[in-house]
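**Q** Quick one: structure below, then a few questions.
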Amino acid sequence: MKNKDVAAIFDRIADILEFKSENPFKIRAYRKVARIIADLSQDIEKINEEGKLKEIPGVGEGIAKKIKEYIDTGRMKKYEEVKAGIPDELIAMLAIPSLGPKSLALIHSELKVRNIGELKKAIEDGRVAGLKGFGEKKASNILKGIALHIGGMERMPLGIASPIAEAIITTLRKNRNISAIEPAGSLRRSCETVGDIDILAAGKNGKEIINAFVHLPQVREVLAAGETKGSIRVEEGKQVDLRVVDEESFGSALQYFTGSKNHNIKLREIAKEKGYKLSEYGIFRNDDKVAGKTEREVYEKLGMKWIPPELREDAGEIEAAIKDRLPELVKREDIRGDLHVHTEWSDGTLSLEVIASIAGKMKYEYVVIADHSRSLRVAGGLSVDDLYRQMEEIDRINKKLKALRILKGAEVDILSRGSTRKSPGKLDYPDDLLKRLDIVIAAIHTGFTQSEDEITGRIISAMANPHVDIIAHPTGRLIGEREAYRVNMEKVMKAAAEHGKALEINGYYLRLDLNHIHCRMARDMGVKVAIGTDAHSEDHFIWMKYGIAMARRGWLTRSDVINTMHLKDLLKWLKH
């Protein structure tokens with residue numbers, strides 16, 4: 001699909017307009033439509049063919065014409081006009097995290113920096129830090145952003161890789177030569193970032209299967225096409241590898257190519273101790289094959305329970321499997337509601353009624369409306385009066401609903417300004433308003449460069465507020481774009497356990513925050529977790545699966561996650 005390409009062009013237009021210090025309203029409009037298009041689950045080319053571009057939230061006549069022009073011709077006149085006179089190497093630098101368009105404009109104007117190499121040199125010799133409004137800390141953050149940018153070009157977020165693989169696998173499953181097909185590698189383990197996408201298939205005619213693979217409509221370049229292996233590049237520029245194996249070896253091959261490396265090394269050691277040889281072809285005793293058709297028989301032959309792919313990191317899962325002590329991991333069927341959704345009242349695109357309809361189709365019992373609070377103006381934060389009006393509207397809609405309850409909530413800023421040492425976690429709404437809400441989600445959106453003590457103090461102080469229920473995206477990271485702020489998660493976990501608060505796994509694939517390490521820490525310290533999509537449009541609701549994936553990688557069970565509770569139990573938990 002060309003969704004990502006179209007979104008990237010609108011994002012780049014916004015960057016260049018900001019670089020030129022042009023109209024901020026235009027800039028915000030382009031960024032909003034870029035985000036919406038990037039997250040569409042439908043193919044924008046098909047939407048264009050059906051003449052329904054203007055049905056996409058935020059897409060009017062002008063934007064629809066630009067999208068159609070790009071899809072039909074591969075070019076966009078507006079983009080060409082906006083970038084005229086700006087070198088391509090300079091435009092490429094706009095993708096560097098921690099380097100905003102305005103900062104780049106100043107660096108370019110004052111230091112004549114034209115590319116990433118010159119920027120890196122200007123930082124290292126101190127010229128960037130010497131600019132007005134910069135300093136050593138900002139220059140250091142830009143240098144880290146360069147490293148993130150270069151690293152991000154090598155790996156892709158789970159939420160980008162997964163839909164690519166799903167589309168390919170869905171098509172190939174229809175091929176009569178294929179008896180089984182699954183993702184493998186870091187994608188199957190639900191790692192937060194993925195290198196090349198690995199897919200494994202079983203079938204009788206490898207050459208025909210590979211031929212079908214390299215002729216898929218997504219293919220933009222064929223890198224290899226052999227008897228049992230093919231490699232392609234798809235529209236997004238990502239590499240996808242397909243291996244074909246015999247049906248009798250599919251289980252052992254799937255186990256082997258799923259990894260992780262350390263997990264596989266330990267399994268081979270166990271196999272050797274038992275007198276076996278383990279490889280991607282099966283388990284052998286001397287020359288006799290004793291297992292390999294399914295993964296389960298491979299693990300059972302080695303004396304252990306089958307291990308879910310998300311746990312295969314040599315982090316104690318093998319020892320637990322041998323003792324039959326693996327946790328029963330949380331799964332999609334356990335989830336009874338989404339705990340973090342935005343509406344058109346702030347920076348979302350959906351009405352309360354539409355959100356209720358979507359949540360109903362997903363068989364949820366409840367959905368939490370958590371629009372931004374008043375200080376976050378860039379995200380359309382709600383004033384006190386606006387929030388009261390929204391609460392009244394929710395009450396009106398709830399009277400019409402039968403199987404679903406909309407819970408009144410807010411994503412309330414933990415302020416950096418106005419806080420003091422005695423009260424470091426001042427909240428953006430007064431307590432008399434917070435107590436009227438069903439659920440309060442506190443979050444940090446400003447002051448990312450504060451010290452570890454300051455950030456940690458703000459979060460812990462917010463948790464001491466009796467009206468706060470959940471801390472959203474606790475480390476503030478954006479994968480490939482922004483590092484986590486400095487926060488002592490052990491202290492945060494201890495405070496969460498003490499005050500009975502939940503920490504969020506934000507399902508947005510560039511957040512996945514808490515990460516799996518912190519999820520397991522929460523489990524070990526008795527801290528409950530809340531999974532929310534942070535949805536701003538209809539297509540974002542599918543991000544629940546990425547939040548669940550992170551929970552599973554963190555060994556979380558249904559009892560660890562609060563939105564596995566039935567509504568009455570959740571309300572009881574919130575009350576206490």
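Labels for the structure tokens follow display order: chains A, B, ..., residues from 1 in each chain, ligands from 1.
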List every residue of region 474-537 of chain A that DSSP, applied to the backbone, labels as strand (DSSP E), and write the result as a PDB file with N, CA and C atoms, in the first residue's frame.

**A**
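Just written: states.pdb:
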```
ATOM      1  N   ALA A 502      -1.944   1.775  38.555  1.00  0.00           N
ATOM      2  CA  ALA A 502      -1.546   0.961  37.404  1.00  0.00           C
ATOM      3  C   ALA A 502      -0.620   1.767  36.506  1.00  0.00           C
ATOM      4  N   LEU A 503       0.259   1.074  35.819  1.00  0.00           N
ATOM      5  CA  LEU A 503       1.122   1.692  34.816  1.00  0.00           C
ATOM      6  C   LEU A 503       0.667   1.218  33.443  1.00  0.00           C
ATOM      7  N   GLU A 504       0.729   2.101  32.480  1.00  0.00           N
ATOM      8  CA  GLU A 504       0.198   1.805  31.149  1.00  0.00           C
ATOM      9  C   GLU A 504       1.210   1.116  30.247  1.00  0.00           C
ATOM     10  N   ILE A 505       0.701   0.178  29.456  1.00  0.00           N
ATOM     11  CA  ILE A 505       1.393  -0.234  28.228  1.00  0.00           C
ATOM     12  C   ILE A 505       0.661   0.495  27.120  1.00  0.00           C
ATOM     13  N   ASN A 506       1.314   1.478  26.534  1.00  0.00           N
ATOM     14  CA  ASN A 506       0.712   2.234  25.440  1.00  0.00           C
ATOM     15  C   ASN A 506       0.922   1.454  24.150  1.00  0.00           C
ATOM     16  N   VAL A 529      -1.065  -3.467  35.449  1.00  0.00           N
ATOM     17  CA  VAL A 529      -0.792  -2.825  34.164  1.00  0.00           C
ATOM     18  C   VAL A 529      -2.104  -2.561  33.441  1.00  0.00           C
ATOM     19  N   ALA A 530      -2.173  -1.443  32.735  1.00  0.00           N
ATOM     20  CA  ALA A 530      -3.336  -1.093  31.918  1.00  0.00           C
ATOM     21  C   ALA A 530      -2.895  -0.998  30.467  1.00  0.00           C
ATOM     22  N   ILE A 531      -3.591  -1.675  29.565  1.00  0.00           N
ATOM     23  CA  ILE A 531      -3.244  -1.607  28.144  1.00  0.00           C
ATOM     24  C   ILE A 531      -4.217  -0.670  27.443  1.00  0.00           C
ATOM     25  N   GLY A 532      -3.677   0.356  26.803  1.00  0.00           N
ATOM     26  CA  GLY A 532      -4.491   1.301  26.044  1.00  0.00           C
ATOM     27  C   GLY A 532      -3.890   1.547  24.683  1.00  0.00           C
TER      28      GLY A 532
END
```

**Q** Please extract the residues of region 349-522 of chain A with a backbone DSSP assignment of helix (DSSP H, G or I) and present them as a ChimeraX atom specification.

**A** /A:352-361,377-379,384-398,431-434,452-464,489-499,516-522

**Q** Output C-alpha atoms for every residue in that selection, as a short mmCIF file (atom, residue, chain, number, x, y, z; two decimals), in the first residue's frame.

**A**
```
data_model
loop_
_atom_site.label_atom_id
_atom_site.label_comp_id
_atom_site.auth_asym_id
_atom_site.auth_seq_id
_atom_site.Cartn_x
_atom_site.Cartn_y
_atom_site.Cartn_z
CA LEU A 352 -18.11 9.80 21.03
CA GLU A 353 -20.88 7.96 19.17
CA VAL A 354 -18.47 6.53 16.58
CA ILE A 355 -16.06 5.39 19.29
CA ALA A 356 -18.93 3.65 21.08
CA SER A 357 -19.85 1.89 17.82
CA ILE A 358 -16.26 0.73 17.21
CA ALA A 359 -15.87 -0.50 20.79
CA GLY A 360 -19.17 -2.37 20.48
CA LYS A 361 -18.02 -4.14 17.33
CA ARG A 377 -2.76 23.30 23.64
CA VAL A 378 -0.90 21.79 20.70
CA ALA A 379 -3.12 18.71 21.12
CA VAL A 384 -12.41 22.74 32.54
CA ASP A 385 -15.72 23.81 31.00
CA ASP A 386 -15.12 21.67 27.92
CA LEU A 387 -14.47 18.60 30.05
CA TYR A 388 -17.66 19.15 32.06
CA ARG A 389 -19.61 19.45 28.79
CA GLN A 390 -17.99 16.27 27.46
CA MET A 391 -18.94 14.43 30.66
CA GLU A 392 -22.55 15.50 30.20
CA GLU A 393 -22.46 14.28 26.60
CA ILE A 394 -21.07 10.91 27.72
CA ASP A 395 -23.88 10.57 30.26
CA ARG A 396 -26.41 11.28 27.51
CA ILE A 397 -24.91 8.64 25.17
CA ASN A 398 -24.53 6.04 27.92
CA ASP A 431 -9.08 17.79 42.41
CA ASP A 432 -12.76 18.76 42.50
CA LEU A 433 -12.89 18.02 38.76
CA LEU A 434 -10.73 14.88 38.87
CA GLU A 452 16.11 11.85 36.86
CA ASP A 453 15.14 13.07 40.33
CA GLU A 454 12.81 15.73 38.90
CA ILE A 455 11.05 13.41 36.42
CA THR A 456 10.77 10.59 38.95
CA GLY A 457 9.52 13.01 41.61
CA ARG A 458 6.80 14.36 39.31
CA ILE A 459 5.47 10.86 38.55
CA ILE A 460 5.60 9.65 42.17
CA SER A 461 3.90 12.82 43.40
CA ALA A 462 1.13 12.37 40.81
CA MET A 463 0.57 8.80 42.01
CA ALA A 464 0.12 10.09 45.55
CA MET A 489 11.57 2.99 37.12
CA GLU A 490 12.31 0.97 40.24
CA LYS A 491 11.23 3.92 42.41
CA VAL A 492 8.18 4.47 40.18
CA MET A 493 7.23 0.80 40.51
CA LYS A 494 7.59 0.89 44.30
CA ALA A 495 5.35 3.96 44.48
CA ALA A 496 2.79 2.36 42.14
CA ALA A 497 2.68 -0.72 44.37
CA GLU A 498 2.40 1.42 47.51
CA HIS A 499 -0.44 3.59 46.17
CA HIS A 516 8.75 -5.83 28.09
CA ILE A 517 11.52 -5.44 30.67
CA HIS A 518 9.44 -2.98 32.69
CA CYS A 519 6.36 -5.18 32.28
CA ARG A 520 8.17 -8.04 33.93
CA MET A 521 9.43 -5.71 36.65
CA ALA A 522 5.84 -4.64 37.30
#
```

**Q** From the list A:Gly195, A:Ile37, A:His342, A:Ile232, which residue is nearest Ile63 (chain A) when using only C-alpha atoms?

**A** A:Ile37

**Q** Which value, in Å to one decimal, gives the distance between CA of Leu326 (chain A) and CA of Phe250 (chain A)?

**A** 24.0 Å

**Q** Neighbours of Val298 (chain A) within 8 Å (only C-alpha atoms; same-chain residues fewer than 4 positions away dropped), as an mmCIF file with C-alpha atoms, in the first residue's frame?

**A**
```
data_model
loop_
_atom_site.group_PDB
_atom_site.id
_atom_site.type_symbol
_atom_site.label_atom_id
_atom_site.label_comp_id
_atom_site.auth_asym_id
_atom_site.auth_seq_id
_atom_site.Cartn_x
_atom_site.Cartn_y
_atom_site.Cartn_z
ATOM 1 C CA GLY A 251 8.240 -27.379 13.292
ATOM 2 C CA SER A 252 11.987 -27.548 13.871
ATOM 3 C CA GLY A 282 14.737 -31.711 13.256
ATOM 4 C CA ILE A 283 15.937 -33.569 16.342
ATOM 5 C CA ALA A 291 11.037 -35.004 16.059
ATOM 6 C CA GLY A 292 10.586 -31.926 13.890
ATOM 7 C CA THR A 294 5.730 -29.481 14.897
ATOM 8 C CA LEU A 302 13.620 -31.967 24.980
#
```

**Q** Between CA of Met362 (chain A) and CA of Glu333 (chain A), what distance in Å does the model show, to one decimal?

**A** 10.3 Å

**Q** Rank nothing, just name the residue among A:Pro24, A:Arg486, A:Leu111, A:Ser179 nearest to Gly130 (chain A), using only C-alpha atoms.

**A**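 Of A:Pro24, A:Arg486, A:Leu111, A:Ser179, the one nearest Gly130 (chain A) is A:Leu111, counting only C-alpha atoms.
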
**Q** When you count only C-alpha atoms, which of these residues is closest to Trp306 (chain A): A:Arg12, A:Lys323, A:Lys65, A:Lys78?

**A**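 For Trp306 (chain A), the nearest of the given residues is A:Lys323.
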
**Q** Hey, what's within 10 Å of region 273-276 of chain A if we count only C-alpha atoms and toss same-chain stuff fewer than 2 positions away? As an MDAnalysis selection string, please?

**A** chainID A and resid 267:271 278:279 282:290 301:303

**Q** Between CA of Asn48 (chain A) and CA of Lys68 (chain A), measure the distance and give it in Å to one decimal.

**A**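 Computing it gives 6.5 Å between the two atoms.
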
**Q** Using only C-alpha atoms, which of the listed residues (A:Ser162, A:Asn175, A:Ser416, A:Thr343) sits closest to Thr193 (chain A)?

**A**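 Nearest to Thr193 (chain A): A:Ser162.
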
**Q** As a VMD selection string, please: the residues near region 96-108 of chain A (cut-off 9 Å, only C-alpha atoms, same-chain neighbours under 3 positions excluded).

**A** chain A and resid 15 to 21 90 92 to 93 111 to 114 119 128 131 134 138 141 to 150 480 to 482

**Q** Just the selected residues (N, CA and C atoms), exported as a JSON list (two decimals), in the first residue's frame, please.

**A**
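Generated file (result_1.json):
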```
[["chain", "number", "residue", "atom", "x", "y", "z"],
["A", 15, "ASP", "N", 7.18, 19.69, 7.57],
["A", 15, "ASP", "CA", 8.53, 19.98, 8.03],
["A", 15, "ASP", "C", 9.14, 21.16, 7.28],
["A", 16, "ILE", "N", 8.99, 21.15, 5.97],
["A", 16, "ILE", "CA", 9.60, 22.21, 5.16],
["A", 16, "ILE", "C", 8.92, 23.54, 5.42],
["A", 17, "LEU", "N", 7.59, 23.53, 5.57],
["A", 17, "LEU", "CA", 6.88, 24.77, 5.89],
["A", 17, "LEU", "C", 7.35, 25.32, 7.23],
["A", 18, "GLU", "N", 7.58, 24.43, 8.20],
["A", 18, "GLU", "CA", 8.08, 24.87, 9.50],
["A", 18, "GLU", "C", 9.51, 25.37, 9.38],
["A", 19, "PHE", "N", 10.31, 24.70, 8.56],
["A", 19, "PHE", "CA", 11.69, 25.13, 8.28],
["A", 19, "PHE", "C", 11.68, 26.56, 7.73],
["A", 20, "LYS", "N", 10.67, 26.88, 6.94],
["A", 20, "LYS", "CA", 10.55, 28.21, 6.33],
["A", 20, "LYS", "C", 9.79, 29.20, 7.22],
["A", 21, "SER", "N", 9.35, 28.74, 8.42],
["A", 21, "SER", "CA", 8.59, 29.57, 9.37],
["A", 21, "SER", "C", 7.29, 30.08, 8.76],
["A", 90, "LEU", "N", 19.62, 18.50, 2.73],
["A", 90, "LEU", "CA", 19.10, 19.30, 3.84],
["A", 90, "LEU", "C", 17.71, 18.81, 4.23],
["A", 92, "ALA", "N", 16.59, 15.81, 3.89],
["A", 92, "ALA", "CA", 16.76, 14.51, 4.56],
["A", 92, "ALA", "C", 17.05, 14.68, 6.05],
["A", 93, "MET", "N", 17.68, 15.79, 6.42],
["A", 93, "MET", "CA", 18.03, 16.04, 7.83],
["A", 93, "MET", "C", 16.80, 16.34, 8.69],
["A", 111, "LEU", "N", 25.56, 28.32, 10.44],
["A", 111, "LEU", "CA", 26.78, 27.51, 10.29],
["A", 111, "LEU", "C", 26.96, 26.94, 8.89],
["A", 112, "LYS", "N", 26.00, 27.20, 8.01],
["A", 112, "LYS", "CA", 26.06, 26.73, 6.61],
["A", 112, "LYS", "C", 26.15, 25.20, 6.53],
["A", 113, "VAL", "N", 25.57, 24.50, 7.50],
["A", 113, "VAL", "CA", 25.56, 23.04, 7.50],
["A", 113, "VAL", "C", 24.59, 22.56, 6.42],
["A", 114, "ARG", "N", 25.03, 21.59, 5.60],
["A", 114, "ARG", "CA", 24.21, 21.14, 4.46],
["A", 114, "ARG", "C", 23.86, 19.66, 4.49],
["A", 119, "LEU", "N", 26.72, 18.33, 9.97],
["A", 119, "LEU", "CA", 26.03, 18.59, 11.24],
["A", 119, "LEU", "C", 26.76, 17.89, 12.38],
["A", 128, "VAL", "N", 27.63, 24.08, 17.28],
["A", 128, "VAL", "CA", 26.18, 24.02, 17.48],
["A", 128, "VAL", "C", 25.82, 24.46, 18.90],
["A", 131, "LEU", "N", 25.47, 28.22, 19.50],
["A", 131, "LEU", "CA", 24.38, 29.00, 18.91],
["A", 131, "LEU", "C", 23.41, 29.45, 19.99],
["A", 134, "PHE", "N", 20.81, 27.11, 22.15],
["A", 134, "PHE", "CA", 21.20, 25.69, 22.07],
["A", 134, "PHE", "C", 21.88, 25.24, 23.36],
["A", 138, "LYS", "N", 21.41, 20.44, 24.45],
["A", 138, "LYS", "CA", 20.64, 20.33, 23.21],
["A", 138, "LYS", "C", 21.49, 19.76, 22.09],
["A", 141, "ASN", "N", 21.75, 16.08, 22.58],
["A", 141, "ASN", "CA", 20.50, 15.39, 22.20],
["A", 141, "ASN", "C", 20.38, 15.25, 20.69],
["A", 142, "ILE", "N", 20.83, 16.25, 19.95],
["A", 142, "ILE", "CA", 20.80, 16.17, 18.49],
["A", 142, "ILE", "C", 21.75, 15.07, 18.00],
["A", 143, "LEU", "N", 22.91, 14.98, 18.65],
["A", 143, "LEU", "CA", 23.87, 13.93, 18.29],
["A", 143, "LEU", "C", 23.27, 12.54, 18.53],
["A", 144, "LYS", "N", 22.56, 12.40, 19.65],
["A", 144, "LYS", "CA", 21.86, 11.14, 19.92],
["A", 144, "LYS", "C", 20.78, 10.89, 18.86],
["A", 145, "GLY", "N", 20.12, 11.97, 18.44],
["A", 145, "GLY", "CA", 19.10, 11.87, 17.41],
["A", 145, "GLY", "C", 19.66, 11.37, 16.09],
["A", 146, "ILE", "N", 20.87, 11.80, 15.77],
["A", 146, "ILE", "CA", 21.53, 11.32, 14.54],
["A", 146, "ILE", "C", 21.74, 9.81, 14.62],
["A", 147, "ALA", "N", 22.21, 9.34, 15.79],
["A", 147, "ALA", "CA", 22.42, 7.90, 15.98],
["A", 147, "ALA", "C", 21.10, 7.15, 15.89],
["A", 148, "LEU", "N", 20.02, 7.70, 16.49],
["A", 148, "LEU", "CA", 18.70, 7.07, 16.40],
["A", 148, "LEU", "C", 18.22, 7.01, 14.96],
["A", 149, "HIS", "N", 18.46, 8.09, 14.22],
["A", 149, "HIS", "CA", 18.03, 8.18, 12.82],
["A", 149, "HIS", "C", 18.73, 7.13, 11.97],
["A", 150, "ILE", "N", 20.03, 7.02, 12.15],
["A", 150, "ILE", "CA", 20.81, 6.04, 11.37],
["A", 150, "ILE", "C", 20.40, 4.62, 11.76],
["A", 480, "GLY", "N", 12.91, 5.03, 17.85],
["A", 480, "GLY", "CA", 13.56, 5.57, 16.67],
["A", 480, "GLY", "C", 13.46, 7.07, 16.54],
["A", 481, "GLU", "N", 12.74, 7.72, 17.47],
["A", 481, "GLU", "CA", 12.55, 9.16, 17.37],
["A", 481, "GLU", "C", 12.99, 9.91, 18.63],
["A", 482, "ARG", "N", 12.72, 9.33, 19.79],
["A", 482, "ARG", "CA", 13.05, 10.02, 21.03],
["A", 482, "ARG", "C", 13.37, 9.00, 22.10]]
```

**Q** Between A:Val367, A:Ile444, A:Ala84, A:Ser383, single out the one closest to Gly409 (chain A), counting only C-alpha atoms.

**A**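 Checking each of A:Val367, A:Ile444, A:Ala84, A:Ser383 against Gly409 (chain A), counting only C-alpha atoms, the winner is A:Val367.
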